[in-house]
Structure formats: C-alpha cells, structure tokens
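**Q** See query-v5.txt below, with compact mmCIF, C-alpha atoms.
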```
# COMPACT_ATOMS: atom_id res chain seq x y z
CA MET A 1 5.11 -4.80 -33.20
CA GLN A 2 8.38 -6.69 -33.47
CA ASP A 3 8.72 -10.27 -32.37
CA MET A 4 7.80 -10.14 -28.74
CA GLY A 5 10.63 -8.09 -27.31
CA ILE A 6 8.46 -7.87 -24.24
CA LYS A 7 9.84 -11.24 -23.21
CA ILE A 8 12.94 -9.42 -22.02
CA LEU A 9 10.99 -8.18 -19.02
CA PHE A 10 10.20 -11.64 -17.82
CA GLU A 11 13.55 -13.25 -18.45
CA GLY A 12 15.63 -14.17 -15.44
CA ASP A 13 15.22 -11.76 -12.58
CA HIS A 14 14.76 -8.67 -14.75
CA LEU A 15 11.36 -7.70 -13.45
CA ILE A 16 12.40 -8.15 -9.84
CA ARG A 17 15.49 -6.05 -10.40
CA LEU A 18 13.42 -3.30 -11.96
CA LEU A 19 11.06 -3.38 -9.00
CA GLU A 20 14.01 -3.23 -6.63
CA GLY A 21 15.28 -0.22 -8.54
CA MET A 22 11.89 1.39 -8.14
CA GLY A 23 12.19 0.57 -4.46
CA VAL A 24 15.36 2.65 -4.22
CA THR A 25 13.56 5.53 -5.90
CA LEU A 26 10.67 5.25 -3.50
CA ARG A 27 12.96 4.98 -0.49
CA ILE A 28 14.68 8.24 -1.40
CA SER A 29 11.35 9.97 -2.03
CA LEU A 30 9.72 8.75 1.15
CA VAL A 31 12.68 9.69 3.34
CA SER A 32 12.74 13.14 1.77
CA ALA A 33 8.97 13.49 1.96
CA GLY A 34 8.97 12.54 5.64
CA GLY A 35 11.73 14.99 6.42
CA SER A 36 10.05 17.71 4.38
CA VAL A 37 6.70 17.34 6.10
CA ILE A 38 8.21 17.65 9.58
CA LEU A 39 10.65 20.44 8.75
CA GLY A 40 8.08 22.11 6.51
CA MET A 41 5.63 22.49 9.39
CA ILE A 42 8.30 24.32 11.37
CA PHE A 43 9.35 26.36 8.37
CA GLY A 44 5.75 27.32 7.65
CA MET A 45 5.39 28.71 11.16
CA LEU A 46 8.69 30.58 10.75
CA MET A 47 7.38 32.20 7.58
CA MET A 48 4.55 33.69 9.59
CA ALA A 49 6.80 34.89 12.40
CA ASP A 50 6.36 38.42 13.69
CA HIS A 51 10.06 39.10 13.37
CA ALA A 52 10.77 40.75 10.00
CA VAL A 53 14.29 39.35 9.65
CA ILE A 54 13.10 35.78 10.08
CA ARG A 55 10.40 36.39 7.49
CA TRP A 56 12.92 37.83 5.05
CA VAL A 57 15.45 35.06 5.45
CA SER A 58 12.80 32.38 5.00
CA ARG A 59 11.45 34.24 1.98
CA ILE A 60 14.88 34.27 0.34
CA TYR A 61 15.36 30.58 1.09
CA LEU A 62 12.00 29.76 -0.45
CA GLU A 63 12.58 31.86 -3.56
CA PHE A 64 16.05 30.46 -4.14
CA VAL A 65 14.89 26.87 -3.82
CA ARG A 66 11.87 27.58 -6.01
CA ILE A 67 13.79 29.24 -8.77
CA MET A 68 16.68 26.79 -9.10
CA PRO A 69 16.08 23.56 -10.98
CA GLN A 70 16.26 20.63 -8.57
CA LEU A 71 18.96 19.09 -10.69
CA VAL A 72 21.16 22.15 -10.15
CA LEU A 73 20.65 21.86 -6.40
CA LEU A 74 21.52 18.20 -6.68
CA PHE A 75 24.76 19.01 -8.50
CA LEU A 76 25.61 21.70 -5.95
CA ALA A 77 25.22 19.25 -3.10
CA TYR A 78 26.77 16.26 -4.77
CA PHE A 79 29.86 17.92 -6.21
CA GLY A 80 30.07 20.92 -3.89
CA ALA A 81 29.76 19.08 -0.58
CA ALA A 82 32.53 16.68 -1.48
CA LYS A 83 34.90 19.51 -2.21
CA HIS A 84 34.13 22.03 0.51
CA LEU A 85 32.84 20.10 3.43
CA GLY A 86 34.89 17.02 2.73
CA TRP A 87 31.70 14.98 2.87
CA ASP A 88 31.82 12.09 0.51
CA LEU A 89 28.06 11.80 0.24
CA SER A 90 26.72 8.82 -1.63
CA GLY A 91 24.37 9.74 -4.41
CA GLU A 92 21.46 8.52 -2.36
CA GLN A 93 22.38 10.63 0.67
CA ALA A 94 22.95 13.72 -1.44
CA ALA A 95 19.60 13.18 -3.12
CA ALA A 96 17.73 12.73 0.15
CA ALA A 97 19.38 15.85 1.58
CA VAL A 98 18.61 17.98 -1.47
CA PHE A 99 15.04 16.82 -1.83
CA THR A 100 14.43 17.44 1.85
CA PHE A 101 15.95 20.91 1.49
CA TRP A 102 13.68 21.58 -1.48
CA GLY A 103 10.62 19.87 0.00
CA THR A 104 10.88 21.77 3.26
CA ALA A 105 10.58 25.04 1.38
CA GLU A 106 7.62 23.85 -0.69
CA MET A 107 5.89 22.27 2.28
CA GLY A 108 6.51 25.35 4.41
CA ASP A 109 4.82 27.49 1.82
CA LEU A 110 1.84 25.12 1.73
CA VAL A 111 1.58 25.28 5.52
CA ARG A 112 1.74 29.06 5.44
CA GLY A 113 -0.87 29.20 2.68
CA ALA A 114 -3.19 26.84 4.52
CA LEU A 115 -2.97 28.76 7.79
CA GLN A 116 -3.42 32.11 6.11
CA SER A 117 -6.39 30.91 4.08
CA ILE A 118 -8.45 30.63 7.24
CA PRO A 119 -10.60 33.75 7.61
CA ARG A 120 -9.42 36.10 10.34
CA HIS A 121 -12.76 36.00 12.12
CA GLN A 122 -12.10 32.39 13.10
CA ARG A 123 -9.18 33.42 15.25
CA GLN A 124 -11.00 36.48 16.52
CA SER A 125 -14.07 34.50 17.47
CA GLY A 126 -11.85 32.09 19.34
CA GLU A 127 -10.28 34.95 21.21
CA ALA A 128 -13.69 36.42 21.98
CA LEU A 129 -14.72 33.10 23.49
CA GLY A 130 -11.72 33.30 25.78
CA LEU A 131 -9.71 30.43 24.29
CA THR A 132 -5.99 30.49 24.85
CA LYS A 133 -3.61 30.81 21.92
CA LEU A 134 -2.80 27.11 22.09
CA GLN A 135 -6.47 26.18 22.16
CA ILE A 136 -7.16 28.40 19.16
CA TYR A 137 -4.51 26.53 17.19
CA ARG A 138 -5.49 23.13 18.52
CA PHE A 139 -9.25 23.33 18.06
CA ILE A 140 -9.84 25.98 15.44
CA LEU A 141 -6.97 26.76 13.11
CA VAL A 142 -5.13 23.45 12.71
CA PRO A 143 -8.17 21.25 11.96
CA GLN A 144 -9.34 23.65 9.27
CA ALA A 145 -5.86 24.17 7.87
CA LEU A 146 -5.25 20.42 7.65
CA LYS A 147 -8.18 19.99 5.30
CA ARG A 148 -6.53 22.33 2.85
CA LEU A 149 -3.03 21.14 3.56
CA ILE A 150 -3.34 17.37 3.27
CA PRO A 151 -4.39 17.15 -0.39
CA GLN A 152 -1.62 19.55 -1.36
CA ALA A 153 0.93 17.70 0.75
CA VAL A 154 -0.06 14.42 -0.90
CA ASN A 155 0.46 16.08 -4.25
CA LEU A 156 3.88 17.21 -3.12
CA ILE A 157 4.75 13.56 -2.49
CA THR A 158 4.02 12.66 -6.12
CA ARG A 159 6.17 15.58 -7.21
CA MET A 160 8.89 14.23 -4.93
CA ILE A 161 8.67 10.77 -6.49
CA LYS A 162 8.83 12.24 -9.97
CA THR A 163 11.76 14.47 -9.05
CA THR A 164 13.62 11.48 -7.66
CA SER A 165 14.00 10.28 -11.25
CA LEU A 166 16.81 12.87 -11.48
CA VAL A 167 19.13 10.85 -9.26
CA VAL A 168 20.13 8.67 -12.18
CA LEU A 169 22.20 11.69 -13.28
CA ILE A 170 24.40 11.47 -10.20
CA GLY A 171 24.83 7.75 -10.60
CA VAL A 172 22.43 6.23 -8.10
CA ALA A 173 21.51 2.68 -9.05
CA GLU A 174 17.76 3.17 -9.16
CA VAL A 175 15.17 1.98 -11.62
CA VAL A 176 16.52 3.69 -14.75
CA LYS A 177 20.07 2.55 -14.05
CA THR A 178 18.85 -1.00 -13.52
CA GLY A 179 16.94 -0.71 -16.77
CA GLN A 180 20.08 0.41 -18.57
CA GLN A 181 21.98 -2.56 -17.18
CA ILE A 182 19.32 -4.93 -18.42
CA ILE A 183 19.34 -3.30 -21.85
CA GLU A 184 23.12 -3.49 -22.04
CA SER A 185 23.24 -7.12 -20.99
CA ALA A 186 20.67 -8.02 -23.62
CA ARG A 187 22.19 -5.89 -26.38
CA LEU A 188 22.84 -8.88 -28.60
CA THR A 189 20.03 -11.22 -27.68
CA ALA A 190 17.22 -8.68 -27.53
CA PRO A 191 18.00 -5.50 -29.48
CA ASP A 192 14.50 -4.16 -28.81
CA ALA A 193 14.97 -4.26 -25.07
CA ALA A 194 15.18 -0.46 -24.78
CA LEU A 195 11.61 0.02 -25.92
CA TRP A 196 10.18 -2.47 -23.47
CA VAL A 197 12.37 -1.65 -20.52
CA TYR A 198 11.84 2.11 -20.76
CA GLY A 199 8.18 1.48 -21.41
CA ALA A 200 8.05 -0.61 -18.25
CA VAL A 201 9.84 2.07 -16.24
CA PHE A 202 7.40 4.65 -17.57
CA LEU A 203 4.45 2.53 -16.47
CA LEU A 204 6.04 1.79 -13.09
CA TYR A 205 6.25 5.51 -12.34
CA PHE A 206 2.69 5.95 -13.51
CA ALA A 207 1.51 3.03 -11.38
CA VAL A 208 3.07 4.62 -8.31
CA CYS A 209 2.14 8.26 -8.86
CA TRP A 210 -1.31 7.98 -10.33
CA PRO A 211 -3.07 6.44 -7.31
CA ILE A 212 -1.47 9.04 -5.06
CA SER A 213 -2.54 11.99 -7.18
CA ALA A 214 -5.99 10.46 -7.60
CA ALA A 215 -6.24 10.21 -3.80
CA ALA A 216 -5.15 13.84 -3.48
CA GLY A 217 -7.82 14.84 -5.97
CA LEU A 218 -10.51 12.92 -4.10
CA LEU A 219 -9.49 14.39 -0.75
CA GLU A 220 -9.54 17.85 -2.23
CA LYS A 221 -13.02 17.35 -3.61
CA HIS A 222 -14.24 15.75 -0.40
CA TRP A 223 -12.96 18.45 1.91
CA GLY A 224 -13.27 21.31 -0.53
CA GLU A 225 -17.04 21.32 -0.17
CA GLU A 226 -16.93 21.53 3.60
CA VAL A 227 -14.46 24.35 3.98
CA MET B 1 37.48 31.27 -7.46
CA ASP B 2 39.48 31.31 -10.66
CA TRP B 3 38.06 34.20 -12.65
CA ASP B 4 40.30 33.63 -15.65
CA PHE B 5 38.86 30.18 -15.97
CA ILE B 6 35.37 31.62 -15.85
CA LEU B 7 36.20 34.17 -18.53
CA GLN B 8 37.84 31.55 -20.65
CA TYR B 9 34.89 29.20 -20.63
CA ARG B 10 32.01 31.63 -20.46
CA GLU B 11 31.36 31.15 -24.17
CA LEU B 12 30.50 27.53 -23.51
CA TYR B 13 27.90 28.59 -20.97
CA ILE B 14 26.49 31.27 -23.23
CA ASP B 15 26.03 28.78 -26.06
CA ALA B 16 24.49 26.29 -23.70
CA ALA B 17 22.18 28.94 -22.26
CA TRP B 18 20.97 29.84 -25.75
CA LEU B 19 20.30 26.20 -26.45
CA THR B 20 18.30 25.94 -23.24
CA ILE B 21 16.35 29.10 -24.08
CA ARG B 22 15.67 27.98 -27.65
CA THR B 23 14.45 24.51 -26.76
CA ALA B 24 12.48 25.84 -23.79
CA ALA B 25 10.81 28.53 -25.91
CA LEU B 26 9.78 26.02 -28.58
CA GLY B 27 8.62 23.51 -25.98
CA ILE B 28 6.66 26.05 -23.97
CA LEU B 29 4.96 27.52 -27.05
CA GLY B 30 4.04 24.02 -28.17
CA ALA B 31 2.79 23.17 -24.71
CA LEU B 32 0.65 26.33 -24.63
CA LEU B 33 -0.91 25.45 -27.97
CA LEU B 34 -1.47 21.80 -27.10
CA GLY B 35 -2.76 22.82 -23.69
CA LEU B 36 -5.19 25.33 -25.16
CA ILE B 37 -6.60 22.76 -27.58
CA CYS B 38 -6.82 20.03 -24.93
CA GLY B 39 -8.24 22.46 -22.39
CA MET B 40 -10.94 23.56 -24.85
CA ILE B 41 -11.89 19.99 -25.65
CA ARG B 42 -12.05 19.10 -21.97
CA TYR B 43 -14.11 22.21 -21.22
CA CYS B 44 -16.59 21.48 -24.00
CA ARG B 45 -16.71 17.80 -22.96
CA ILE B 46 -16.50 16.54 -26.54
CA PRO B 47 -17.44 12.87 -25.99
CA VAL B 48 -14.63 10.50 -27.00
CA LEU B 49 -11.84 13.04 -27.43
CA SER B 50 -12.32 14.36 -23.94
CA ARG B 51 -11.78 10.90 -22.48
CA ILE B 52 -8.65 10.30 -24.52
CA ILE B 53 -7.24 13.65 -23.49
CA GLY B 54 -8.10 12.90 -19.89
CA MET B 55 -5.99 9.76 -20.15
CA TYR B 56 -3.15 11.66 -21.77
CA ILE B 57 -3.25 14.24 -18.97
CA GLU B 58 -3.06 11.59 -16.26
CA LEU B 59 -0.25 9.78 -18.04
CA SER B 60 1.80 12.89 -18.60
CA ARG B 61 1.28 14.41 -15.15
CA ASN B 62 2.13 11.24 -13.31
CA THR B 63 5.44 10.42 -14.97
CA PRO B 64 8.68 12.36 -14.78
CA LEU B 65 10.16 14.11 -17.81
CA VAL B 66 13.39 12.12 -17.44
CA ILE B 67 11.51 8.89 -18.03
CA GLN B 68 9.47 10.34 -20.86
CA LEU B 69 12.68 11.46 -22.56
CA PHE B 70 14.39 8.12 -22.04
CA PHE B 71 11.44 6.44 -23.68
CA LEU B 72 11.34 8.89 -26.58
CA TYR B 73 15.07 8.90 -27.17
CA PHE B 74 16.09 5.29 -26.54
CA GLY B 75 12.83 3.38 -26.73
CA LEU B 76 11.11 4.74 -29.81
CA PRO B 77 14.02 4.17 -32.25
CA ARG B 78 13.36 0.46 -31.66
CA MET B 79 9.99 0.99 -33.26
CA GLY B 80 11.62 2.78 -36.16
CA ILE B 81 10.94 6.31 -34.92
CA THR B 82 14.24 8.11 -34.47
CA LEU B 83 14.20 11.62 -33.11
CA GLU B 84 17.16 13.97 -33.02
CA SER B 85 18.28 15.20 -29.60
CA GLU B 86 16.74 18.61 -29.94
CA THR B 87 13.49 17.39 -31.48
CA CYS B 88 13.28 14.80 -28.76
CA ALA B 89 13.80 17.36 -26.01
CA VAL B 90 11.17 19.69 -27.44
CA THR B 91 8.71 16.85 -27.98
CA GLY B 92 9.20 15.70 -24.41
CA LEU B 93 8.64 19.19 -23.07
CA ILE B 94 5.47 19.59 -25.13
CA PHE B 95 4.19 16.21 -23.99
CA LEU B 96 4.81 17.12 -20.35
CA GLY B 97 3.76 20.77 -20.52
CA GLY B 98 0.64 20.18 -22.62
CA SER B 99 -1.14 18.45 -19.78
CA TYR B 100 -0.25 21.08 -17.19
CA MET B 101 -1.34 23.87 -19.51
CA ALA B 102 -4.54 22.01 -20.41
CA GLU B 103 -5.56 21.81 -16.76
CA THR B 104 -4.76 25.47 -16.23
CA PHE B 105 -6.78 26.56 -19.26
CA ARG B 106 -9.68 24.32 -18.32
CA SER B 107 -9.90 25.64 -14.78
CA GLY B 108 -9.60 29.17 -16.19
CA LEU B 109 -12.51 28.52 -18.54
CA GLU B 110 -14.56 26.98 -15.77
CA ALA B 111 -13.98 30.01 -13.61
CA VAL B 112 -15.92 32.15 -16.09
CA GLY B 113 -19.55 32.27 -15.03
CA THR B 114 -22.18 30.50 -17.13
CA ILE B 115 -24.15 33.74 -17.18
CA GLN B 116 -21.51 35.04 -19.57
CA THR B 117 -22.28 32.36 -22.14
CA GLU B 118 -26.01 32.72 -21.59
CA SER B 119 -25.93 36.48 -22.05
CA ALA B 120 -23.86 36.14 -25.19
CA LEU B 121 -26.27 33.54 -26.57
CA SER B 122 -29.23 35.79 -25.92
CA LEU B 123 -27.40 38.58 -27.73
CA GLY B 124 -27.11 36.30 -30.74
CA PHE B 125 -23.36 35.57 -30.67
CA ARG B 126 -22.19 32.53 -32.53
CA LYS B 127 -20.41 29.74 -30.65
CA MET B 128 -16.99 30.66 -32.01
CA GLN B 129 -17.54 34.30 -31.16
CA ILE B 130 -18.55 33.44 -27.64
CA PHE B 131 -15.44 31.41 -27.19
CA PHE B 132 -12.93 33.84 -28.62
CA TYR B 133 -14.45 37.17 -27.59
CA ILE B 134 -16.04 36.34 -24.27
CA LEU B 135 -14.76 33.17 -22.65
CA LEU B 136 -11.11 33.14 -23.68
CA PRO B 137 -10.14 36.69 -22.64
CA GLN B 138 -11.65 36.25 -19.20
CA ALA B 139 -10.30 32.74 -18.79
CA ALA B 140 -6.82 33.80 -19.85
CA ALA B 141 -6.74 36.49 -17.18
CA VAL B 142 -7.69 33.94 -14.55
CA ALA B 143 -5.17 31.46 -15.90
CA VAL B 144 -2.15 33.78 -15.95
CA PRO B 145 -0.77 32.83 -12.52
CA GLY B 146 -1.12 29.15 -13.37
CA ILE B 147 0.49 29.62 -16.77
CA GLY B 148 3.34 31.49 -15.14
CA ALA B 149 3.91 28.69 -12.67
CA ASN B 150 3.84 26.17 -15.53
CA VAL B 151 6.32 28.18 -17.60
CA MET B 152 8.74 28.33 -14.66
CA PHE B 153 8.26 24.64 -14.04
CA LEU B 154 8.95 23.78 -17.68
CA LEU B 155 11.98 26.06 -17.82
CA LYS B 156 13.42 24.28 -14.82
CA GLU B 157 12.61 20.90 -16.29
CA THR B 158 14.85 21.69 -19.27
CA SER B 159 17.78 21.00 -16.95
CA VAL B 160 17.45 17.27 -17.64
CA PHE B 161 18.02 17.62 -21.38
CA SER B 162 21.61 16.45 -21.07
CA ILE B 163 20.32 12.86 -20.85
CA VAL B 164 19.33 13.00 -24.52
CA ALA B 165 22.83 14.19 -25.39
CA LEU B 166 21.96 17.85 -25.66
CA ALA B 167 24.90 20.06 -24.68
CA ASP B 168 22.91 22.18 -22.24
CA LEU B 169 24.08 24.00 -19.10
CA MET B 170 24.15 20.89 -16.93
CA TYR B 171 26.15 19.08 -19.59
CA VAL B 172 28.73 21.86 -19.82
CA ALA B 173 29.06 22.05 -16.04
CA LYS B 174 29.50 18.33 -15.67
CA ASP B 175 32.00 18.34 -18.51
CA LEU B 176 34.11 21.09 -16.96
CA ILE B 177 34.06 19.40 -13.57
CA GLY B 178 35.18 16.17 -15.16
CA LEU B 179 37.86 17.71 -17.35
CA TYR B 180 39.49 20.29 -15.09
CA TYR B 181 38.23 19.62 -11.56
CA LYS B 182 37.11 23.26 -11.46
CA THR B 183 34.08 22.32 -9.41
CA ASP B 184 33.47 25.72 -7.81
CA GLU B 185 33.78 27.71 -10.99
CA ALA B 186 31.65 25.31 -12.99
CA LEU B 187 28.90 25.19 -10.38
CA PHE B 188 29.03 28.96 -9.84
CA MET B 189 28.58 29.60 -13.56
CA LEU B 190 25.80 27.03 -13.66
CA THR B 191 23.89 28.71 -10.84
CA VAL B 192 24.41 32.18 -12.29
CA SER B 193 23.29 31.06 -15.75
CA TYR B 194 20.06 29.64 -14.44
CA LEU B 195 19.41 32.71 -12.32
CA ILE B 196 19.93 34.93 -15.38
CA ILE B 197 17.41 32.88 -17.34
CA LEU B 198 14.84 32.29 -14.62
CA LEU B 199 14.74 35.49 -12.56
CA PRO B 200 13.49 37.77 -15.37
CA VAL B 201 10.80 35.26 -16.35
CA SER B 202 9.66 34.97 -12.76
CA ALA B 203 9.59 38.77 -12.39
CA LEU B 204 7.73 39.16 -15.68
CA PHE B 205 4.96 36.83 -14.62
CA SER B 206 4.49 38.43 -11.22
CA LEU B 207 4.17 41.76 -13.03
CA LEU B 208 1.67 40.34 -15.52
CA GLU B 209 -0.28 38.75 -12.73
CA ARG B 210 -0.64 42.08 -10.96
CA ARG B 211 -1.61 43.86 -14.17
CA LEU B 212 -4.30 41.35 -15.05
CA ARG B 213 -5.82 41.03 -11.64
CA TYR B 214 -9.10 42.67 -12.42
CA ALA B 215 -12.39 41.47 -11.10
CA GLY B 216 -14.33 38.95 -13.14
CA TYR B 217 -17.65 40.11 -14.48
CA GLY B 218 -20.95 38.76 -13.26
CA ASN B 219 -20.83 35.31 -11.76
```
Can you present the structure in this file as structure tokens?

**A**
Amino acid sequence: MQDMGIKILFEGDHLIRLLEGMGVTLRISLVSAGGSVILGMIFGMLMMADHAVIRWVSRIYLEFVRIMPQLVLLFLAYFGAAKHLGWDLSGEQAAAAVFTFWGTAEMGDLVRGALQSIPRHQRQSGEALGLTKLQIYRFILVPQALKRLIPQAVNLITRMIKTTSLVVLIGVAEVVKTGQQIIESARLTAPDAALWVYGAVFLLYFAVCWPISAAAGLLEKHWGEEV
Amino acid sequence: MDWDFILQYRELYIDAAWLTIRTAALGILGALLLGLICGMIRYCRIPVLSRIIGMYIELSRNTPLVIQLFFLYFGLPRMGITLESETCAVTGLIFLGGSYMAETFRSGLEAVGTIQTESALSLGFRKMQIFFYILLPQAAAVAVPGIGANVMFLLKETSVFSIVALADLMYVAKDLIGLYYKTDEALFMLTVSYLIILLPVSALFSLLERRLRYAGYGN
C-alpha cells in the first residue's frame, strides 16, 4: 500500500464532513421511508379494493414504478417538474418526493402480499365467531400480517438508503459529493485520496445498511417459525 | 413535443440503448455464473470458502452500485488498477449481481428436498451427477422468479453507468437537456427507451415463470 494515504481521512474536518454528508443521505432516506410506510399502508388497502377500476389504476401505478429505473423517475421529477409545474424543487426535495412515490408502490405491494398471505379460514373463523369486520382486522389479520410485513419493510428501508446514493447525479451535496470535494481539495497534497475517500464512503454505506438488513433477517427467522 | 427533434436525435438513443443492452447482458451473464458458483459453494458449505463468500455477499448487498462503481473507477486506479469505463461498469454489475444471484440459487437448491439426494445416492449416482441431473434442474425451476426479479433489478441498475463516463441513455438525455433545453423530448425518449428494453424482459420472465411452475417432486 502507498504511503499512508489514509491520513487524508483524518486531516482537518474531513471525517466529520463525510459523516455529515452521510447524514444528508440518511435524512432523505428516512423521510422517504416514513412517507412510504404511511402511504404504502393506504395503497396496499387500495390494491385489495373491491372496485375493479381502483385495482387497475393501482396496478398500473405499481407496474410503472417497478419497471422504470429510479434514476429515470428522479430525472423526470427533477427536470420535468421545474419545466411543467414551475416548481423549482431542490435536489433533496425532488429526491424525497420520488423515493416516496416509488416506496409507496413497493410498500403497498408488501402490505397487499402480507394481508393476502393469511389463509382465508382465519377471516372466516373470525366471522363465524361473530367478530365485526374491524375486530377481524384488529385482532386477527393485522397482527399476523405485521409479522410478515415488518421484516420486508425493514429491508425496503435498506433499499431506500442504497437508492439514495443516486441523488449525487442531480447535484445534492451528500456523502459522495463531499467526498469529491475532499479529493479535489487534496489533489496535490494527497493524490491517493480517491482510493481512501471512496473506500470510506463504501464502508459508511455498509456500516449503515448491514445492521438493518441483519435485523430484518433475524426478525424474519424469529417470526417465520411462528407463522 | 417537437417530433423533428426526436427523429433527429433518435440515433443517439438507439446507440445508447445498445450500449446499455450490451453491458447489461455481459454483466447479467457474469452475475449468473458468479452467483451459481457462489450459491453452490454456500449450499455445500465448503468450510473456508463459504465464509468468504458470505462476507462478499453481505458487502455487495449492503452497498449501492453507485458507490461500488465510484470505488472501482476512481479509487482503484490509485492502486495501479485502471479499468476502462465499460469494463468497470460490467465488473460493477457482476460484483453487485453475483451476490443476489448467489442467494437466489442457494435458496433454490435448499428448496429441493433432501430425499432427492438420498434417493440418488442409493441409486448409485456420483456427486457431480446428483448435482447436475437432479438438484440443479429442480432448483433452477424454483429459482426462476427470483432470477427474473434480479435480472430486472440489474437492468435498472445500469442506469447509473453514466457516472463512469459511459454514454448510456441517462447520459444522452442529460446531454440533450443541457445542450438544447429540450427537456420534454429528452425525457420522453428516455422513458420510452427504458420501456422498450424492460417491458419485453419483464413479460418474458412472467411467461417463463408460468411455464416452469410445476410441482416439486417428493419433499
């Protein structure tokens, strides 16, 4: 290895700036994840609606969001909204809006899947016992569905964090952008900075996502045996 | 919508689409191969290798492709390893996709009942024969939906290749927006191009999935 290029990470406030950049990434992901979970619950219910038109429209929404790369959606919102709606969205706002739009569809499908995975006899038994529709949801369907839903929803959050790395392409000053600034500023003094800075960014993402996916895996194993 | 503009620049999109398809095809094939090998090793629990591959899988699944590419393209040259844009993009896709494919293959293999291996052993099959004639065909059928999802995922991930200076669809769109302010046309062509690439693949896999959905034997 070359002469300790790693020093670049600890010079001045470099490490703190990188962490702050990661903070921006996490802020965007958490805002979008929060929005997606709430809207996704509603969307999941809509997907199971009795009305055929509602089901079709939600199906088309889901398929479109699923099939388009998130970066394309991001471009559509970032460049398209400015032109047509006259909204001068900041990169961060556009990103949060797009990831919520995308996450709602994904989350909705998870909610639908979780609810539908519950055997029909559970609902029927509830009805036979004379429970009201609300009680059936409250005491029978939702608790069982949650055990399937939560691990998958946690996984969706890691996907959200990973997807947020795209925002550097619409110029948000997050962790990669900060990294680039550090590399540029040290171009002459530390030519090896790129290796260490990108390596650090790589590990930062891993450090954030790995515990979350590990938790999702554990939850899945824990609850998987009961269901 | 300025259709003349679209006609005039459609060649750019077609070239870019081919580039996307070419790099994606290479990357996905590589990922399938790497995934199959890693999945086999994980399934057989080969002592040290299995652990190393487990670490690779965690590392690759918990970091975004953008960051992996940045590291490959800008970081590695500092260690004396310089990759060309296209090589870098394909390598990144293989690194990312390999882990997803490995997990899919492994869970496919694990879905095949142990009675299958036991019966084959009692019939006097050799290990290799068991793997290729008995386990793999059944596991592959189980794994098809997962593989399809991975292929779609990887195809969509190719949209970040412009960061390693590959003139892909995103690059062309951004270029046209910057040069001519034809935002609508550029974005319209971008959306249409991706739909043309992705819709058939998505349809193909749902067809395959339906075709291969036969019951597993004895479990």

**Q** If we count all atoms listed in the file, which residues of chain A reach to within 9 Å of chain B? Please list them as a count of residues only.

**A** 44

**Q** One decimal, Å: what's the distance from CA of Val168 in chain A over to CA of Ile182 in chain A, could you say?

**A**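 Result for CA of Val168 in chain A versus CA of Ile182 in chain A: 15.0 Å, one decimal.
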
**Q** What does the structure give for the distance between CA of Pro145 in chain B and CA of Glu209 in chain B, in Å to one decimal?

**A**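 Going from CA of Pro145 in chain B over to CA of Glu209 in chain B, I get 5.9 Å.
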
**Q** Tell me, in Å to one decimal, how far CA of Thr23 in chain B is from CA of Gly97 in chain B.

**A**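 Rounded to one decimal, the two atoms are 12.9 Å apart.
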
**Q** So that I can see what lies close to Trp102 in chain A, please list as a PyMOL selection string the residues with an atom at most 12 Å from it, counting all atoms listed in the file and leaving out residues fewer than 2 positions away in the same chain.

**A** chain A and resi 29+32-33+35-37+39-40+43+61-74+77+95-100+104-109+156+159-160+163-164

**Q** Go ahead and dump the residues you just picked, C-alpha atoms, as a compact mmCIF listing (two decimals), in the coordinates of the input.

**A**
```txt
# COMPACT_ATOMS: atom_id res chain seq x y z
CA SER A 29 11.35 9.97 -2.03
CA SER A 32 12.74 13.14 1.77
CA ALA A 33 8.97 13.49 1.96
CA GLY A 35 11.73 14.99 6.42
CA SER A 36 10.05 17.71 4.38
CA VAL A 37 6.70 17.34 6.10
CA LEU A 39 10.65 20.44 8.75
CA GLY A 40 8.08 22.11 6.51
CA PHE A 43 9.35 26.36 8.37
CA TYR A 61 15.36 30.58 1.09
CA LEU A 62 12.00 29.76 -0.45
CA GLU A 63 12.58 31.86 -3.56
CA PHE A 64 16.05 30.46 -4.14
CA VAL A 65 14.89 26.87 -3.82
CA ARG A 66 11.87 27.58 -6.01
CA ILE A 67 13.79 29.24 -8.77
CA MET A 68 16.68 26.79 -9.10
CA PRO A 69 16.08 23.56 -10.98
CA GLN A 70 16.26 20.63 -8.57
CA LEU A 71 18.96 19.09 -10.69
CA VAL A 72 21.16 22.15 -10.15
CA LEU A 73 20.65 21.86 -6.40
CA LEU A 74 21.52 18.20 -6.68
CA ALA A 77 25.22 19.25 -3.10
CA ALA A 95 19.60 13.18 -3.12
CA ALA A 96 17.73 12.73 0.15
CA ALA A 97 19.38 15.85 1.58
CA VAL A 98 18.61 17.98 -1.47
CA PHE A 99 15.04 16.82 -1.83
CA THR A 100 14.43 17.44 1.85
CA THR A 104 10.88 21.77 3.26
CA ALA A 105 10.58 25.04 1.38
CA GLU A 106 7.62 23.85 -0.69
CA MET A 107 5.89 22.27 2.28
CA GLY A 108 6.51 25.35 4.41
CA ASP A 109 4.82 27.49 1.82
CA LEU A 156 3.88 17.21 -3.12
CA ARG A 159 6.17 15.58 -7.21
CA MET A 160 8.89 14.23 -4.93
CA THR A 163 11.76 14.47 -9.05
CA THR A 164 13.62 11.48 -7.66
```

**Q** Would you mind telling me which residue in A:Lys133, A:Ala52, A:Ala128, A:Ala200 lies nearest to Gly179 in chain A when using only C-alpha atoms?

**A**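 So, comparing all the options, the nearest one is A:Ala200.
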
**Q** So, with all atoms listed in the file as the atoms that count, which of B:Phe105, B:Tyr43, B:Gly124, B:Leu166 lies closest to Pro137 in chain B?

**A**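 Selected residue with least distance to Pro137 in chain B: B:Phe105.
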
**Q** Which polymer residues have any atom within 7 Å of an atom of Met47 in chain A, counting all atoms listed in the file, with same-chain residues fewer than 4 positions away left out, as a list in words?

**A**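 Counting all atoms listed in the file, the residues come to Phe43, Arg55, Ser58 and Arg112 of chain A.
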
**Q** Ser90 in chain A: which residues within 9 Å, counting only C-alpha atoms, same-chain residues fewer than 3 positions away excluded, as a PyMOL selection string?

**A** chain A and resi 78+93-95+172

**Q** Between A:Leu218, A:Ala173, A:Pro211, A:Arg187, which has the minimum distance to Gly21 in chain A (counting all atoms listed in the file)?

**A**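 Residue with the minimum atom-to-atom distance to Gly21 in chain A: A:Ala173.
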
**Q** Using all atoms of range 23-30 of chain B listed in the file and a margin of 6 Å per side, can you give the axis-aligned box centre and edge lengths in Å to one decimal, as JSON?

**A**
```
{"center_x": 9.2, "center_y": 26.0, "center_z": -26.2, "size_x": 22.4, "size_y": 17.0, "size_z": 16.8}
```

**Q** Show me, as a list in words, the residues that have an atom within 10 Å of range 9-15 of chain B when counting all atoms listed in the file, minus same-chain residues fewer than 2 positions from it.

**A**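 The filter keeps Trp3, Asp4, Phe5, Ile6, Leu7, Ala17, Trp18, Leu19, Thr20, Ile21, Ala167, Asp168, Leu169, Met170, Tyr171, Val172, Ala173, Leu176, Glu185, Ala186, Met189, Leu190 and Ser193 of chain B.
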
**Q** Using all atoms listed in the file, which residue out of B:Ala203, B:Val164, B:Leu179, B:Ile115 lies closest to Ser85 in chain B?

**A**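 Of the candidates, the smallest distance to Ser85 in chain B is held by B:Val164.
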